[in-house]
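Engineer: So here's entry.txt, just compact mmCIF, C-alpha atoms and all ligand atoms:
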```
# COMPACT_ATOMS: atom_id res chain seq x y z
CA MET V 20 0.00 0.00 0.00
CA VAL V 21 1.33 3.46 -0.87
CA ALA V 22 1.50 5.77 2.16
CA LEU V 23 -0.11 9.13 1.56
CA SER V 24 1.63 12.32 2.62
CA LYS V 25 0.08 14.73 5.09
CA SER V 26 -0.43 17.35 2.39
CA THR V 27 -2.26 14.84 0.17
CA ILE V 28 -4.63 14.03 2.99
CA GLU V 29 -5.07 17.69 3.90
CA GLN V 30 -7.17 18.37 0.81
CA PHE V 31 -9.89 16.19 2.34
CA PHE V 32 -10.05 17.96 5.67
CA ILE V 33 -13.43 19.35 6.38
CA LYS V 34 -13.29 22.97 5.38
CA THR V 35 -16.26 24.44 7.13
CA CYS V 36 -16.68 26.97 9.83
CA LYS V 37 -19.98 25.42 10.80
CA PRO V 38 -19.66 23.10 13.76
CA VAL V 39 -20.97 19.61 13.25
CA ASN V 40 -23.83 19.17 15.61
CA ALA V 41 -22.86 16.12 17.60
CA LEU V 42 -26.42 15.66 18.71
CA THR V 43 -28.62 13.38 16.77
CA PHE V 44 -31.40 15.12 14.95
CA PRO V 45 -34.23 14.22 17.29
CA GLN V 46 -36.91 13.92 14.68
CA ILE V 47 -35.71 12.21 11.56
CA PRO V 48 -39.18 11.39 10.25
CA LEU V 49 -39.83 7.67 10.38
CA ILE V 50 -42.27 6.22 7.88
CA ASP V 51 -43.66 2.73 8.29
CA LEU V 52 -44.66 1.75 4.77
CA SER V 53 -47.01 -0.94 6.09
CA GLN V 54 -49.18 1.61 7.87
CA PRO V 55 -52.16 3.07 6.01
CA ASP V 56 -51.71 6.54 7.53
CA SER V 57 -48.11 6.80 6.32
CA LYS V 58 -48.86 8.86 3.21
CA HIS V 59 -49.80 11.80 5.37
CA LEU V 60 -46.57 11.55 7.37
CA LEU V 61 -44.62 11.09 4.20
CA VAL V 62 -45.84 14.34 2.67
CA LYS V 63 -45.25 16.15 5.95
CA ALA V 64 -41.66 14.84 6.01
CA CYS V 65 -41.06 16.05 2.44
CA GLN V 66 -42.43 19.48 3.31
CA ASP V 67 -40.72 19.91 6.67
CA VAL V 68 -37.36 18.27 6.06
CA GLY V 69 -37.06 16.73 2.58
CA PHE V 70 -35.64 13.61 4.20
CA PHE V 71 -37.03 10.57 6.00
CA LYS V 72 -36.33 6.99 6.95
CA VAL V 73 -38.52 4.07 5.83
CA VAL V 74 -39.09 0.78 7.61
CA ASN V 75 -41.19 -2.25 6.60
CA HIS V 76 -40.09 -1.50 3.06
CA GLY V 77 -40.38 -5.05 1.77
CA ILE V 78 -36.97 -5.13 0.04
CA PRO V 79 -35.61 -8.67 0.48
CA LEU V 80 -32.57 -8.74 2.76
CA LYS V 81 -31.02 -11.20 0.33
CA PHE V 82 -30.78 -8.51 -2.38
CA ILE V 83 -29.14 -6.08 0.02
CA ASN V 84 -26.62 -8.60 1.38
CA GLU V 85 -25.67 -9.96 -2.01
CA LEU V 86 -25.08 -6.50 -3.39
CA GLU V 87 -23.01 -5.50 -0.38
CA SER V 88 -20.88 -8.59 -0.67
CA GLU V 89 -20.29 -8.15 -4.43
CA ALA V 90 -19.45 -4.49 -3.90
CA THR V 91 -17.04 -5.37 -1.08
CA LYS V 92 -15.31 -7.81 -3.42
CA PHE V 93 -15.05 -5.14 -6.10
CA PHE V 94 -13.63 -2.44 -3.84
CA SER V 95 -11.11 -4.82 -2.27
CA SER V 96 -9.78 -5.95 -5.65
CA PRO V 97 -6.44 -4.59 -6.93
CA GLN V 98 -6.45 -0.99 -8.11
CA SER V 99 -5.64 -2.10 -11.66
CA VAL V 100 -8.81 -4.25 -11.76
CA LYS V 101 -11.00 -1.44 -10.42
CA GLU V 102 -9.55 1.01 -12.90
CA LYS V 103 -10.69 -1.19 -15.77
CA ALA V 104 -14.22 -0.02 -14.88
CA GLY V 105 -13.24 3.66 -14.95
CA PRO V 106 -13.28 6.61 -15.47
CA PRO V 107 -16.61 7.50 -13.88
CA ASP V 108 -17.78 10.07 -16.45
CA PRO V 109 -20.34 9.14 -17.57
CA PHE V 110 -20.30 5.68 -15.89
CA GLY V 111 -17.64 3.61 -14.19
CA TYR V 112 -15.22 3.60 -11.27
CA GLY V 113 -14.07 6.80 -9.59
CA ASN V 114 -11.51 7.42 -6.87
CA LYS V 115 -11.42 10.69 -4.89
CA ASN V 116 -12.43 12.91 -7.81
CA ILE V 117 -16.13 13.77 -7.91
CA GLY V 118 -17.74 15.36 -10.96
CA ARG V 119 -15.92 17.46 -13.54
CA ASN V 120 -15.08 20.56 -11.60
CA GLY V 121 -12.44 19.73 -9.04
CA ASP V 122 -14.50 18.36 -6.13
CA VAL V 123 -12.65 15.74 -4.13
CA GLY V 124 -13.72 13.34 -1.40
CA TRP V 125 -12.25 10.48 0.58
CA VAL V 126 -14.29 8.00 -1.42
CA GLU V 127 -14.13 5.36 -4.11
CA TYR V 128 -17.28 4.74 -6.10
CA LEU V 129 -19.07 3.05 -8.95
CA LEU V 130 -21.55 5.05 -11.00
CA LEU V 131 -23.85 2.86 -13.05
CA ASP V 132 -26.47 3.59 -15.65
CA VAL V 133 -29.60 1.66 -14.77
CA LYS V 134 -31.06 1.54 -18.25
CA ARG V 135 -31.40 -2.07 -19.27
CA ASP V 136 -28.60 -3.30 -21.53
CA SER V 137 -26.65 -0.11 -21.36
CA HIS V 138 -24.80 -0.51 -18.09
CA TYR V 139 -21.64 -2.26 -17.00
CA ASN V 140 -20.25 -2.12 -20.50
CA LYS V 141 -16.93 -1.16 -19.08
CA LEU V 142 -17.24 -3.43 -16.07
CA LEU V 143 -17.81 -6.30 -18.44
CA SER V 144 -15.02 -5.39 -20.80
CA SER V 145 -12.26 -7.22 -18.95
CA SER V 146 -12.70 -10.81 -19.97
CA GLU V 147 -10.77 -12.38 -17.06
CA GLN V 148 -13.30 -10.79 -14.71
CA HIS V 149 -16.25 -11.78 -16.84
CA GLN V 150 -17.99 -14.27 -14.54
CA GLU V 151 -17.56 -12.11 -11.43
CA ASN V 152 -18.84 -9.08 -13.26
CA LEU V 153 -21.86 -10.98 -14.47
CA ASN V 154 -22.71 -11.86 -10.87
CA PHE V 155 -22.29 -8.24 -9.89
CA ARG V 156 -24.57 -7.19 -12.72
CA CYS V 157 -27.30 -9.64 -11.67
CA VAL V 158 -27.32 -8.54 -8.04
CA VAL V 159 -27.38 -4.87 -9.04
CA ASP V 160 -30.34 -5.57 -11.35
CA ASP V 161 -32.32 -7.35 -8.61
CA TYR V 162 -31.56 -4.65 -6.07
CA VAL V 163 -32.27 -1.71 -8.37
CA THR V 164 -35.55 -3.20 -9.60
CA ALA V 165 -36.76 -3.68 -6.02
CA VAL V 166 -35.64 -0.23 -4.88
CA LYS V 167 -37.15 1.46 -7.93
CA ASN V 168 -40.49 -0.22 -7.19
CA MET V 169 -40.33 1.01 -3.61
CA ALA V 170 -39.48 4.55 -4.80
CA CYS V 171 -42.48 4.42 -7.16
CA LYS V 172 -44.77 3.25 -4.38
CA ILE V 173 -43.58 6.17 -2.23
CA LEU V 174 -44.08 8.65 -5.09
CA GLU V 175 -47.61 7.33 -5.63
CA MET V 176 -48.43 7.71 -1.95
CA MET V 177 -47.21 11.30 -2.16
CA ALA V 178 -49.34 12.01 -5.24
CA ASP V 179 -52.35 10.45 -3.53
CA GLU V 180 -51.95 12.56 -0.43
CA LEU V 181 -51.50 15.71 -2.55
CA LYS V 182 -54.66 14.67 -4.49
CA LEU V 183 -52.79 14.68 -7.79
CA GLU V 184 -54.08 12.94 -10.84
CA PRO V 185 -53.02 10.66 -12.32
CA ARG V 186 -51.61 8.95 -9.26
CA ASN V 187 -48.50 7.98 -11.19
CA VAL V 188 -47.68 11.58 -12.15
CA PHE V 189 -44.22 11.25 -10.50
CA SER V 190 -43.66 7.49 -10.61
CA LYS V 191 -44.26 7.22 -14.37
CA LEU V 192 -41.06 9.22 -14.88
CA LEU V 193 -39.02 6.52 -13.14
CA MET V 194 -40.95 3.72 -14.82
CA ASP V 195 -40.41 5.17 -18.30
CA GLU V 196 -38.00 3.06 -20.38
CA GLN V 197 -36.02 6.22 -21.04
CA SER V 198 -35.85 7.20 -17.36
CA ASP V 199 -32.42 8.71 -16.73
CA SER V 200 -31.83 7.06 -13.37
CA VAL V 201 -28.42 6.35 -11.90
CA PHE V 202 -27.13 3.90 -9.34
CA ARG V 203 -24.12 4.63 -7.18
CA VAL V 204 -22.11 2.54 -4.74
CA ASN V 205 -19.83 4.59 -2.50
CA TYR V 206 -17.00 3.07 -0.52
CA TYR V 207 -15.37 5.32 2.07
CA PRO V 208 -12.10 3.60 3.03
CA PRO V 209 -10.52 4.05 6.45
CA CYS V 210 -7.52 6.39 6.57
CA PRO V 211 -4.69 4.85 8.62
CA GLU V 212 -2.40 7.87 7.97
CA LEU V 213 -4.92 10.13 9.65
CA GLN V 214 -5.13 7.88 12.69
CA GLU V 215 -1.33 7.68 13.00
CA ASN V 216 -0.88 11.42 12.91
CA GLU V 217 -4.04 12.16 14.83
CA ILE V 218 -4.57 15.18 12.67
CA ASN V 219 -7.77 17.18 12.31
CA GLY V 220 -9.60 15.18 14.96
CA GLY V 221 -10.20 12.46 12.38
CA ASN V 222 -12.60 14.37 10.14
CA LEU V 223 -12.23 13.94 6.41
CA ILE V 224 -14.78 14.94 3.86
CA GLY V 225 -16.09 11.83 2.15
CA PHE V 226 -18.65 13.51 -0.11
CA GLY V 227 -19.14 17.28 0.09
CA GLU V 228 -22.41 19.04 0.84
CA HIS V 229 -24.85 19.00 -2.10
CA THR V 230 -28.44 18.41 -3.14
CA ASP V 231 -29.38 15.62 -5.53
CA PRO V 232 -30.60 16.89 -8.92
CA GLN V 233 -33.04 14.03 -9.67
CA ILE V 234 -36.59 13.38 -8.39
CA ILE V 235 -35.94 11.04 -5.50
CA SER V 236 -32.92 9.30 -3.95
CA VAL V 237 -33.04 6.03 -2.04
CA LEU V 238 -30.04 5.40 0.18
CA ARG V 239 -29.02 2.35 2.12
CA SER V 240 -25.75 2.18 4.06
CA ASP V 241 -24.00 -0.24 6.35
CA ASN V 242 -23.85 0.52 10.06
CA THR V 243 -20.95 3.00 9.88
CA SER V 244 -21.93 6.58 10.58
CA GLY V 245 -21.06 9.51 8.32
CA LEU V 246 -24.22 10.90 6.76
CA GLU V 247 -25.16 14.42 7.80
CA ILE V 248 -28.08 16.52 6.63
CA SER V 249 -28.25 20.26 6.57
CA LEU V 250 -31.29 21.88 8.14
CA ARG V 251 -32.81 25.04 6.79
CA ASP V 252 -30.88 27.19 9.27
CA GLY V 253 -27.68 25.72 7.79
CA SER V 254 -26.80 23.55 10.79
CA LEU V 255 -25.55 20.09 10.01
CA VAL V 256 -26.90 17.17 11.94
CA TYR V 257 -25.75 13.64 12.18
CA VAL V 258 -27.98 10.82 10.89
CA PRO V 259 -27.54 7.61 12.91
CA PRO V 260 -26.88 4.75 10.49
CA ASP V 261 -29.39 1.94 10.20
CA SER V 262 -28.49 -0.82 7.79
CA GLU V 263 -31.99 -2.31 7.88
CA SER V 264 -33.81 0.82 6.79
CA PHE V 265 -33.70 3.08 3.78
CA PHE V 266 -33.26 6.84 3.78
CA ILE V 267 -35.11 8.84 1.17
CA ASN V 268 -34.43 12.35 0.05
CA VAL V 269 -36.31 14.75 -2.16
CA GLY V 270 -34.33 15.78 -5.24
CA ASP V 271 -34.26 19.20 -6.92
CA SER V 272 -36.66 18.07 -9.67
CA LEU V 273 -39.33 17.05 -7.16
CA GLN V 274 -38.90 20.38 -5.38
CA VAL V 275 -39.65 22.10 -8.70
CA MET V 276 -42.60 19.85 -9.63
CA THR V 277 -44.20 20.57 -6.25
CA ASN V 278 -43.48 24.31 -6.67
CA GLY V 279 -41.26 24.34 -3.61
CA ARG V 280 -43.63 22.49 -1.27
CA PHE V 281 -41.15 19.63 -0.99
CA LYS V 282 -37.57 20.53 -0.15
CA SER V 283 -34.52 18.99 -1.70
CA ILE V 284 -32.15 18.69 1.20
CA LYS V 285 -28.43 19.38 1.36
CA HIS V 286 -26.42 16.51 2.77
CA ARG V 287 -22.82 15.33 3.00
CA VAL V 288 -20.76 12.39 4.19
CA VAL V 289 -17.91 12.61 6.66
CA ALA V 290 -15.46 9.72 6.27
CA ASN V 291 -14.43 7.77 9.32
CA SER V 292 -10.67 7.39 9.67
CA LYS V 293 -10.98 4.04 11.46
CA LYS V 294 -13.82 2.23 9.81
CA SER V 295 -14.89 1.87 6.20
CA ARG V 296 -18.41 2.81 5.13
CA MET V 297 -20.39 1.51 2.17
CA SER V 298 -23.55 3.07 0.81
CA MET V 299 -25.75 2.36 -2.20
CA ILE V 300 -27.93 5.02 -3.70
CA TYR V 301 -30.56 4.85 -6.40
CA PHE V 302 -31.25 8.26 -7.98
CA GLY V 303 -34.62 8.17 -9.73
CA GLY V 304 -34.56 10.61 -12.64
CA PRO V 305 -36.93 11.46 -15.51
CA PRO V 306 -36.28 10.89 -19.23
CA LEU V 307 -33.86 13.45 -20.68
CA ASN V 308 -36.52 15.18 -22.80
CA GLU V 309 -39.02 15.48 -19.93
CA LYS V 310 -40.18 19.01 -19.13
CA ILE V 311 -39.76 19.78 -15.44
CA ALA V 312 -42.07 22.47 -14.12
CA PRO V 313 -44.50 22.94 -11.22
CA LEU V 314 -47.59 20.76 -11.76
CA ALA V 315 -50.52 22.85 -12.95
CA SER V 316 -52.83 21.20 -10.43
CA LEU V 317 -50.61 22.40 -7.60
CA LEU V 318 -50.60 25.98 -8.75
CA GLU V 319 -53.65 27.13 -6.91
CA ARG V 320 -55.50 30.26 -7.99
CA GLU V 321 -53.19 32.79 -6.38
CA GLU V 322 -50.00 30.79 -6.58
CA ASP V 323 -47.30 31.70 -9.10
CA SER V 324 -44.82 29.24 -10.44
CA LEU V 325 -41.51 29.72 -8.64
CA TYR V 326 -39.47 28.15 -11.43
CA LYS V 327 -38.83 28.55 -15.13
CA GLU V 328 -39.63 25.44 -17.12
CA PHE V 329 -36.65 23.32 -18.19
CA THR V 330 -35.99 19.86 -19.55
CA TRP V 331 -34.20 17.31 -17.42
CA PHE V 332 -31.45 17.36 -20.08
CA GLU V 333 -30.93 21.10 -19.52
CA TYR V 334 -30.92 20.77 -15.75
CA LYS V 335 -28.65 17.76 -15.75
CA ASN V 336 -26.20 19.51 -18.06
CA SER V 337 -26.13 22.55 -15.87
CA ALA V 338 -25.75 20.41 -12.71
CA PHE V 339 -22.92 18.35 -14.14
CA ASN V 340 -21.09 21.51 -15.10
CA SER V 341 -21.27 22.83 -11.55
CA THR V 342 -19.46 22.02 -8.35
CA LEU V 343 -21.08 19.99 -5.59
CA SER V 344 -21.96 22.89 -3.31
CA HIS V 345 -23.37 25.10 -6.07
CA ASN V 346 -26.97 26.28 -5.69
CA ARG V 347 -28.11 24.63 -8.92
CA LEU V 348 -31.77 25.55 -8.73
CA GLY V 349 -30.92 29.24 -8.38
CA LEU V 350 -30.47 29.52 -12.16
CA PHE V 351 -34.00 28.30 -12.76
CA GLU V 352 -35.82 30.34 -10.12
CA LYS V 353 -38.11 33.11 -11.29
CA ILE V 354 -37.02 36.38 -9.82
C1 LIG V 401 -25.01 14.29 -6.86
C2 LIG V 401 -25.98 13.10 -6.91
C3 LIG V 401 -25.39 11.88 -7.67
O1 LIG V 401 -24.41 11.23 -6.87
C4 LIG V 401 -24.76 12.32 -9.01
C5 LIG V 401 -23.62 13.27 -8.66
C6 LIG V 401 -22.75 13.80 -9.82
C7 LIG V 401 -21.46 12.99 -9.97
O2 LIG V 401 -20.96 12.40 -9.02
O3 LIG V 401 -20.92 13.02 -11.10
C8 LIG V 401 -22.47 15.29 -9.49
C9 LIG V 401 -23.43 15.66 -8.32
C10 LIG V 401 -24.41 14.50 -8.25
C11 LIG V 401 -24.14 17.01 -8.54
C12 LIG V 401 -23.26 18.11 -9.18
C13 LIG V 401 -22.20 17.55 -10.15
C14 LIG V 401 -22.69 16.20 -10.69
C15 LIG V 401 -21.03 15.65 -9.12
C16 LIG V 401 -21.00 17.12 -9.37
C17 LIG V 401 -20.04 17.93 -8.92
C18 LIG V 401 -24.36 11.11 -9.84
C19 LIG V 401 -25.68 13.27 -9.70
O4 LIG V 401 -26.55 12.99 -10.51
O5 LIG V 401 -25.42 14.57 -9.28
```
When written as structure tokens, how does the structure in this file appear?
Ligand code: GA4
Structural biologist:
Amino acid sequence: MVALSKSTIEQFFIKTCKPVNALTFPQIPLIDLSQPDSKHLLVKACQDVGFFKVVNHGIPLKFINELESEATKFFSSPQSVKEKAGPPDPFGYGNKNIGRNGDVGWVEYLLLDVKRDSHYNKLLSSSEQHQENLNFRCVVDDYVTAVKNMACKILEMMADELKLEPRNVFSKLLMDEQSDSVFRVNYYPPCPELQENEINGGNLIGFGEHTDPQIISVLRSDNTSGLEISLRDGSLVYVPPDSESFFINVGDSLQVMTNGRFKSIKHRVVANSKKSRMSMIYFGGPPLNEKIAPLASLLEREEDSLYKEFTWFEYKNSAFNSTLSHNRLGLFEKI
């Protein structure tokens, strides 16, 4: 293993003047998907926080465990093998560099296109890894299909509670064959150099603060902590990990479609110098040519649209040409 110098590690130190609130956010909304009254709580969570945790989600544990074990195998393989799946733009393996504009994080990741038959092309290109990669592909497919169905169920409950018709007004965008959804596996390795030097109190930025551009994100992580969400007053609060539940956050596009009723929440991940962390996130996005604008039925008599209409292609382009912390929606707000 190549030892990293102090100055190399320094670029990942958390550069923020805001203290991390060590207290657990007391009310991370908890939604029990098996309860009939949950659609009301779900909409409230999207309005108040833009983030919630779901239990009784019905995703088979087998899918989660198999994916985690395949991903662990991938991230522990030699660097040369992992690099065969890279670079990450548009899809593949990435290491420390995030996006196109200089963001860095203490993270390795796989970004995968979830459109049938279009993903893993690079992963599958190395013939000696062929069988292993096929297994990986199968477990990702099973997992993503199940998580997408859960995301659609949640979106339909939201539409129902908001009295929107048709009920699949949001979910049809994810179900569309052309849906531009992405799947990401993040691996935050431990940092032995940081422990040895006991620098910076052990805080490294794993994934900098940002909002997700899509409609909805479904996150599952192992039991290592690291996720923090930013409340409206800008304070960051720690989200206790829970490997048996899923965390959902509202994306920028859903904020626009609900004319700002639902909030897309800023979040970040702090890497742990002692323990690795693995997370898997499904980002449910619309087809590229889909027009994103506040739904007419939500614009009540006196209510003006807060956003200019755009296509998902335009928004995605603008997002991918920005840095993580950029206020992406600002460009599309009506003044
Ligand atoms: C954040 C949500 C998803 O992980 C992602 C990220 C994307 C990337 O990693 O390439 C972006 C980021 C995300 C938003 C701003 C741009 C693009 C990195 C970045 C600096 C895959 C996505 O869709 O947008």
Engineer: Box in all listed atoms of ligand LIG 401 (chain V), axis-aligned, with 8 Å more on each side; write out centre and edge lengths in Å to one decimal as JSON.
Structural biologist:
```
{"center_x": -23.3, "center_y": 14.6, "center_z": -9.0, "size_x": 22.5, "size_y": 23.0, "size_z": 20.2}
```
Engineer: Around ligand LIG 401 (chain V), out to 7 Å and counting all atoms listed in the file, which residues are there? I want them as a PDB file with C-alpha atoms, keeping the file's coordinate frame.
Structural biologist:
```pdb
ATOM      1  CA  ASP V 108     -17.780  10.070 -16.450  1.00  0.00           C
ATOM      2  CA  ILE V 117     -16.130  13.770  -7.910  1.00  0.00           C
ATOM      3  CA  GLY V 118     -17.740  15.360 -10.960  1.00  0.00           C
ATOM      4  CA  ARG V 119     -15.920  17.460 -13.540  1.00  0.00           C
ATOM      5  CA  ASN V 120     -15.080  20.560 -11.600  1.00  0.00           C
ATOM      6  CA  ASP V 122     -14.500  18.360  -6.130  1.00  0.00           C
ATOM      7  CA  LEU V 130     -21.550   5.050 -11.000  1.00  0.00           C
ATOM      8  CA  VAL V 201     -28.420   6.350 -11.900  1.00  0.00           C
ATOM      9  CA  ARG V 203     -24.120   4.630  -7.180  1.00  0.00           C
ATOM     10  CA  HIS V 229     -24.850  19.000  -2.100  1.00  0.00           C
ATOM     11  CA  THR V 230     -28.440  18.410  -3.140  1.00  0.00           C
ATOM     12  CA  ASP V 231     -29.380  15.620  -5.530  1.00  0.00           C
ATOM     13  CA  PRO V 232     -30.600  16.890  -8.920  1.00  0.00           C
ATOM     14  CA  GLN V 233     -33.040  14.030  -9.670  1.00  0.00           C
ATOM     15  CA  PHE V 302     -31.250   8.260  -7.980  1.00  0.00           C
ATOM     16  CA  ALA V 338     -25.750  20.410 -12.710  1.00  0.00           C
ATOM     17  CA  PHE V 339     -22.920  18.350 -14.140  1.00  0.00           C
ATOM     18  CA  ASN V 340     -21.090  21.510 -15.100  1.00  0.00           C
ATOM     19  CA  SER V 341     -21.270  22.830 -11.550  1.00  0.00           C
ATOM     20  CA  THR V 342     -19.460  22.020  -8.350  1.00  0.00           C
ATOM     21  CA  LEU V 343     -21.080  19.990  -5.590  1.00  0.00           C
TER      22      LEU V 343
END
```
Engineer: Tell me, in Å to one decimal, how far CA of Arg186 in chain V is from CA of Asp67 in chain V.
Structural biologist: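 Atom-to-atom, CA of Arg186 in chain V to CA of Asp67 in chain V, that is 22.2 Å.
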Engineer: Using all atoms listed in the file, which protein or nucleic acid residues come within 12 Å of Pro79 in chain V? Drop anything in the same chain fewer than 5 positions from it, and give the result as a PyMOL selection string.
Structural biologist: chain V and resi 84-86+158+161-166+169+263-264
Engineer: Which of these, V:Thr243, V:Val269, V:Leu181, V:Gly303, has the shortest distance to Asn168 in chain V once you count all atoms listed in the file?
Structural biologist: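 Among V:Thr243, V:Val269, V:Leu181, V:Gly303, it is V:Gly303 that comes nearest to Asn168 in chain V.
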Engineer: Restricting the calculation to only C-alpha atoms: of V:Val123, V:Tyr128, V:Pro97, V:Lys92, which residue gets closest to Phe155 in chain V?
Structural biologist: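 With only C-alpha atoms as the atom set, the closest residue is V:Lys92.
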Engineer: List every residue of range 159-193 of chain V that has an atom at most 12 Å from any atom of range 308-318 of chain V, and for each one report the closest atom pair and its distance in Å to one decimal, counting all atoms listed in the file, with rows sorted by chain and then by increasing residue number, as a Markdown table.
Structural biologist:
```
| residue | atom | partner | partner_atom | distance |
| --- | --- | --- | --- | --- |
| V:Ala178 | CA | V:Leu317 | CA | 10.7 |
| V:Leu181 | CA | V:Leu317 | CA | 8.4 |
| V:Lys182 | CA | V:Ser316 | CA | 9.0 |
| V:Leu183 | CA | V:Ser316 | CA | 7.0 |
| V:Glu184 | CA | V:Ser316 | CA | 8.4 |
| V:Pro185 | CA | V:Ser316 | CA | 10.7 |
| V:Val188 | CA | V:Leu314 | CA | 9.2 |
| V:Phe189 | CA | V:Leu314 | CA | 10.2 |
| V:Lys191 | CA | V:Glu309 | CA | 11.3 |
| V:Leu192 | CA | V:Glu309 | CA | 8.3 |
| V:Leu193 | CA | V:Glu309 | CA | 11.2 |
```
Engineer: Would you compute the distance between CA of Lys282 in chain V and CA of Asn346 in chain V? Give it in Å to one decimal.
Structural biologist: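 Straight-line distance from CA of Lys282 in chain V to CA of Asn346 in chain V works out to 13.3 Å.
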Engineer: Looking at V:Gln66, V:Asn154, V:Ser295, V:Asn336, which one is nearest to Asn278 in chain V, with distances taken over only C-alpha atoms?
Structural biologist: V:Gln66
Engineer: From the block I gave, I'd like range 158-177 of chain V written with N, CA and C atoms, as a short mmCIF file (atom, residue, chain, number, x, y, z; two decimals), in the first residue's frame.
Structural biologist:
```cif
data_model
loop_
_atom_site.label_atom_id
_atom_site.label_comp_id
_atom_site.auth_asym_id
_atom_site.auth_seq_id
_atom_site.Cartn_x
_atom_site.Cartn_y
_atom_site.Cartn_z
N VAL V 158 -26.86 -9.00 -9.36
CA VAL V 158 -27.32 -8.54 -8.04
C VAL V 158 -27.70 -7.06 -8.08
N VAL V 159 -27.00 -6.29 -8.91
CA VAL V 159 -27.38 -4.87 -9.04
C VAL V 159 -28.78 -4.78 -9.66
N ASP V 160 -29.02 -5.59 -10.68
CA ASP V 160 -30.34 -5.57 -11.35
C ASP V 160 -31.46 -5.89 -10.37
N ASP V 161 -31.27 -6.96 -9.58
CA ASP V 161 -32.32 -7.35 -8.61
C ASP V 161 -32.56 -6.22 -7.61
N TYR V 162 -31.45 -5.69 -7.10
CA TYR V 162 -31.56 -4.65 -6.07
C TYR V 162 -32.22 -3.39 -6.64
N VAL V 163 -31.74 -2.96 -7.80
CA VAL V 163 -32.27 -1.71 -8.37
C VAL V 163 -33.75 -1.85 -8.72
N THR V 164 -34.14 -3.01 -9.26
CA THR V 164 -35.55 -3.20 -9.60
C THR V 164 -36.42 -3.08 -8.34
N ALA V 165 -35.97 -3.72 -7.25
CA ALA V 165 -36.76 -3.68 -6.02
C ALA V 165 -36.82 -2.26 -5.44
N VAL V 166 -35.69 -1.58 -5.46
CA VAL V 166 -35.64 -0.23 -4.88
C VAL V 166 -36.43 0.77 -5.73
N LYS V 167 -36.37 0.58 -7.04
CA LYS V 167 -37.15 1.46 -7.93
C LYS V 167 -38.64 1.27 -7.66
N ASN V 168 -39.07 0.02 -7.48
CA ASN V 168 -40.49 -0.22 -7.19
C ASN V 168 -40.90 0.44 -5.88
N MET V 169 -40.01 0.36 -4.89
CA MET V 169 -40.33 1.01 -3.61
C MET V 169 -40.42 2.54 -3.80
N ALA V 170 -39.47 3.09 -4.56
CA ALA V 170 -39.48 4.55 -4.80
C ALA V 170 -40.78 4.94 -5.48
N CYS V 171 -41.24 4.11 -6.44
CA CYS V 171 -42.48 4.42 -7.16
C CYS V 171 -43.68 4.36 -6.22
N LYS V 172 -43.67 3.37 -5.34
CA LYS V 172 -44.77 3.25 -4.38
C LYS V 172 -44.82 4.53 -3.50
N ILE V 173 -43.65 4.96 -3.06
CA ILE V 173 -43.58 6.17 -2.23
C ILE V 173 -44.08 7.38 -3.01
N LEU V 174 -43.65 7.50 -4.27
CA LEU V 174 -44.08 8.65 -5.09
C LEU V 174 -45.59 8.62 -5.32
N GLU V 175 -46.15 7.42 -5.43
CA GLU V 175 -47.61 7.33 -5.63
C GLU V 175 -48.36 7.70 -4.36
N MET V 176 -47.80 7.31 -3.22
CA MET V 176 -48.43 7.71 -1.95
C MET V 176 -48.42 9.24 -1.81
N MET V 177 -47.31 9.83 -2.23
CA MET V 177 -47.21 11.30 -2.16
C MET V 177 -48.28 11.94 -3.04
#
```
